[in-house]
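Shown next, in structure tokens, is the structure this report addresses.
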Amino acid sequence: MGRGRDGAVSEEQRTRVLAAVMHTAFFLLLGASLVRFLLRHPGQPRTPWIIALSLTLALLYVLGPALGAAPTRRRLLWLGLVVSTWLVLVVLAPSFAWCAVPLFYTALRTLPPRAAVALVALLTVFVVFAQLKLSEAVDPNLIVAPPAVAAIATAVFIHMERQSQAQRVLIDDLIRTRRELAATERREGTLAERQRLSMEIHDTLAQHLSSQQMLLQAADRTWDSDPATARAHVRTATGIAARGLAEARRLVHDLAPPELAGGGGLPDALRALDAGPGIAVRFHLEGTPVPLPERVQSALLRIAQGALANVREHSGARAAALTLSFLGDQVVLDIADDGRGFTAPRATGTDRGHGLPAMRARAGQLGGTLAVESAPGEGTVLSVAVPLDTHPRTEPRP
């Protein structure tokens with residue numbers, strides 16, 4: 001956008017400078033022609049007419065810039081009066097012939113190309129006529145030179161106009177392309193933010209609501225037969241609701257997960273996770289922990305939460321194990337369960353639902369990979385590996 005405006009301003013400035021040069025040249029040529037006539041033809045009867053026509057031509061020419069360059073009716077009428085006055089002057093005093101050069105520019109600026117060329121040809125004929133009239137003998141140069149100069153000037157001007165028009169088209173295309181690119185980037189940013197929020201909601205609020213639903217259903221089933229257990233389920237559901245509320249507030253303020261706010265970092269947050277009633281979760285730490293960027297910790301925690309939610313809802317497992325391994329150049333998180341497993345095609349990428357695609361997206365945003373190994377009756381192992389040396393380059397900003 002800025003370039004387009006700069007280009008337009010630069011072109012406008014060049015046009016104004018060229019117009020000023022042409023106007024100055026016209027008045028110099030007009031004044032020189034009038035002085036030449038008065039010095040060479042003093043006291044002639046046509047002198048008052050020459051002076052009056054010169055002043056009229058000067059006055060008409062001064063009015064031209066106020067009419068603009070567009071070929072309006074008033075502009076065309078003005079051009080006709082200027083040319084007519086000049087023609088009469090040339091017939092009465094051939095020394096005014098060279099005032100035609102600035103008129104070439106005026107005609108080319110005002111008229112369409114064909115009409116401008118025709119007018120330039122007419123002006124050139126009168127220039128040749130005037131030069132022959134001033135010459136004592138027929139000189140071939142006086143016949144050839146004016147048309148050659150007029151042809152060169154016309155060709156150069158038309159070529160420059162076409163180049164300017166092509167440049168304006170290119171600038172307009174550039175501005176339009178930049179606008180479209182900006183709109184595309186905005187749309188992509190919006191879609192990325194929607195995906196991020198959908199993953200956050202799926203891995204946090206949706207999982208909390210699912211756990212609450214399961215606990216409240218269990219409490220409802222045991223309310224009469226085992227009130228103590230039912231109340232325990234309700235208390236657990238209340239705690240999950242409190243964590244869900246904290247997650248909702250974090251989403252609103254775009255803060256780090258509350259599980260990471262205690263100072264213990266990712267290992268403590270993973271150690272505190274559970275998969276719901278009836279599923280034992282164990283945590284193992286391997287290697288020497290190193291500081292991880294906040295987004296890496298948040299993503300790995302969300303992947304673990306999503307994986308445990310899948311264990312709870314789909315696997316029928318009795319136990320799950322979380323293993324966080326620091327391997328020097330990468331950090332690896334494994335989530336394994338002893339559930340029913342599923343068939344290989346799903347493990348190799350034909351994911352159903354939102355959970356696994358969301359986990360893959362989170363790992364991909366960090367430059368990492370996610371793999372799932374499973375078979376019917378043999379449980380499932382989900383593994384995500386994130387290279388430690390790519391965090392600064394691959395962490396996107398929402």
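Note on naming: chains are A, B, ... as they come in the structure tokens, residues start from 1 per chain, ligands start from 1 in the order shown.
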Please provide the set of residues having any atom within 9 Å of range 71-81 of chain A, restricted to only C-alpha atoms, with same-chain residues fewer than 3 positions apart removed, written as a list of chain:residue names.
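Returned residues: A:Leu57, A:Leu60, A:Tyr61, A:Leu63, A:Gly64, A:Leu67, A:Gly68, A:Ser84, A:Thr85, A:Trp86, A:Thr106, A:Ala107, A:Arg109, A:Thr110, A:Leu111, A:Pro112.
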List the spatial neighbours of Val127 in chain A as number ranges by chain - criterion: any atom at most 6 Å away, only C-alpha atoms, same-chain residues fewer than 3 positions off excluded.
A: 97, 124, 130
Please identify every residue of range 87-204 of chain A that has at least one atom no farther than 12 Å from an atom of range 19-23 of chain A, counting only C-alpha atoms, and for each give the shortest atom pair and the distance in Å to one decimal, arranged by chain then increasing number, as CSV.
```
residue,atom,partner,partner_atom,distance
A:Cys99,CA,A:Met22,CA,10.3
A:Ala100,CA,A:Met22,CA,10.9
A:Val101,CA,A:Met22,CA,8.6
A:Pro102,CA,A:Met22,CA,5.5
A:Leu103,CA,A:Met22,CA,8.6
A:Phe104,CA,A:Met22,CA,9.8
A:Tyr105,CA,A:Met22,CA,7.5
A:Thr106,CA,A:Met22,CA,8.6
A:Arg109,CA,A:Ala19,CA,9.8
```
Please write the residues from the selection above to a file, keeping C-alpha atoms, as a PDB file, in the first residue's frame.
```pdb
ATOM      1  CA  CYS A  99       5.720  27.712 -30.021  1.00  0.00           C
ATOM      2  CA  ALA A 100       4.282  24.493 -31.445  1.00  0.00           C
ATOM      3  CA  VAL A 101       6.711  22.335 -29.457  1.00  0.00           C
ATOM      4  CA  PRO A 102       4.987  22.912 -26.068  1.00  0.00           C
ATOM      5  CA  LEU A 103       1.651  22.596 -27.876  1.00  0.00           C
ATOM      6  CA  PHE A 104       2.718  19.094 -28.953  1.00  0.00           C
ATOM      7  CA  TYR A 105       2.947  18.170 -25.267  1.00  0.00           C
ATOM      8  CA  THR A 106      -0.421  19.792 -24.507  1.00  0.00           C
ATOM      9  CA  ARG A 109      -1.633  15.138 -22.708  1.00  0.00           C
TER      10      ARG A 109
END
```
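If you measure from each of A:Leu370, A:Leu55, A:Ala304, A:Ala319 to Gly31 in chain A using only C-alpha atoms, the closest one turns out to be A:Leu55.
By only C-alpha atoms, and with residues fewer than 2 positions from Pro289 in chain A along its chain excluded, the set lying at most 8 Å from it is Gly287, Pro291 and Phe326 of chain A.
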Using only N, CA and C atoms, please write the residues we just selected to a file, as a PDB file, in the first residue's frame.
```pdb
ATOM      1  N   GLY A 287      15.910 -39.715  32.868  1.00  0.00           N
ATOM      2  CA  GLY A 287      16.855 -38.705  32.426  1.00  0.00           C
ATOM      3  C   GLY A 287      16.889 -37.518  33.378  1.00  0.00           C
ATOM      4  N   PRO A 291      15.035 -27.261  31.780  1.00  0.00           N
ATOM      5  CA  PRO A 291      13.940 -26.298  31.649  1.00  0.00           C
ATOM      6  C   PRO A 291      13.321 -26.358  30.252  1.00  0.00           C
ATOM      7  N   PHE A 326      13.848 -37.367  29.298  1.00  0.00           N
ATOM      8  CA  PHE A 326      14.720 -36.330  28.763  1.00  0.00           C
ATOM      9  C   PHE A 326      15.913 -37.029  28.136  1.00  0.00           C
TER      10      PHE A 326
END
```
Output as JSON, numbers by chain all residues of range 72-315 of chain A that backbone DSSP marks as strand (DSSP E).
{"A": [280, 281, 282, 283, 284, 285, 286]}
Contacts of range 237-244 of chain A within 7 Å, only C-alpha atoms, excl. fewer than 3 positions in-chain, as a PyMOL selection string
chain A and resi 204-205+208+212+215-216+233-234+247-248
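All residues of protein, DNA or RNA that reach within 7 Å of Leu89 in chain A, judged by only C-alpha atoms and not counting those fewer than 5 positions away in the chain, are Ile50, Leu53 and Phe96 of chain A.
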If you keep all heavy atoms, can you produce a file of those selected residues as a short mmCIF file (atom, residue, chain, number, x, y, z; two decimals), in the first residue's frame?
```
data_model
loop_
_atom_site.label_atom_id
_atom_site.label_comp_id
_atom_site.auth_asym_id
_atom_site.auth_seq_id
_atom_site.Cartn_x
_atom_site.Cartn_y
_atom_site.Cartn_z
N ILE A 50 -0.59 41.42 -34.08
CA ILE A 50 0.36 40.43 -33.55
C ILE A 50 0.45 40.53 -32.03
O ILE A 50 0.44 39.52 -31.30
CB ILE A 50 1.75 40.64 -34.18
CG1 ILE A 50 1.68 40.41 -35.71
CG2 ILE A 50 2.78 39.70 -33.55
CD1 ILE A 50 1.27 39.01 -36.10
N LEU A 53 -2.87 39.22 -30.50
CA LEU A 53 -2.95 37.76 -30.58
C LEU A 53 -1.96 37.08 -29.62
O LEU A 53 -2.26 36.04 -29.02
CB LEU A 53 -2.70 37.30 -32.01
CG LEU A 53 -3.83 37.58 -33.02
CD1 LEU A 53 -3.38 37.29 -34.44
CD2 LEU A 53 -5.06 36.75 -32.67
N PHE A 96 6.55 32.73 -34.97
CA PHE A 96 5.87 32.10 -33.82
C PHE A 96 5.72 30.57 -33.99
O PHE A 96 5.11 29.91 -33.15
CB PHE A 96 4.47 32.71 -33.65
CG PHE A 96 4.48 34.09 -33.06
CD1 PHE A 96 4.65 35.20 -33.88
CD2 PHE A 96 4.35 34.29 -31.70
CE1 PHE A 96 4.66 36.48 -33.34
CE2 PHE A 96 4.36 35.57 -31.16
CZ PHE A 96 4.52 36.67 -31.98
#
```
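The shortest atom-to-atom distance to Ala219 in chain A, with only C-alpha atoms taken into account, belongs to A:Pro277 out of A:Leu245, A:Pro277, A:Leu170, A:Thr56.
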How many Å separate CA of Ile143 in chain A from CA of Val128 in chain A?
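CA of Val128 in chain A lies 5.8 Å from CA of Ile143 in chain A.
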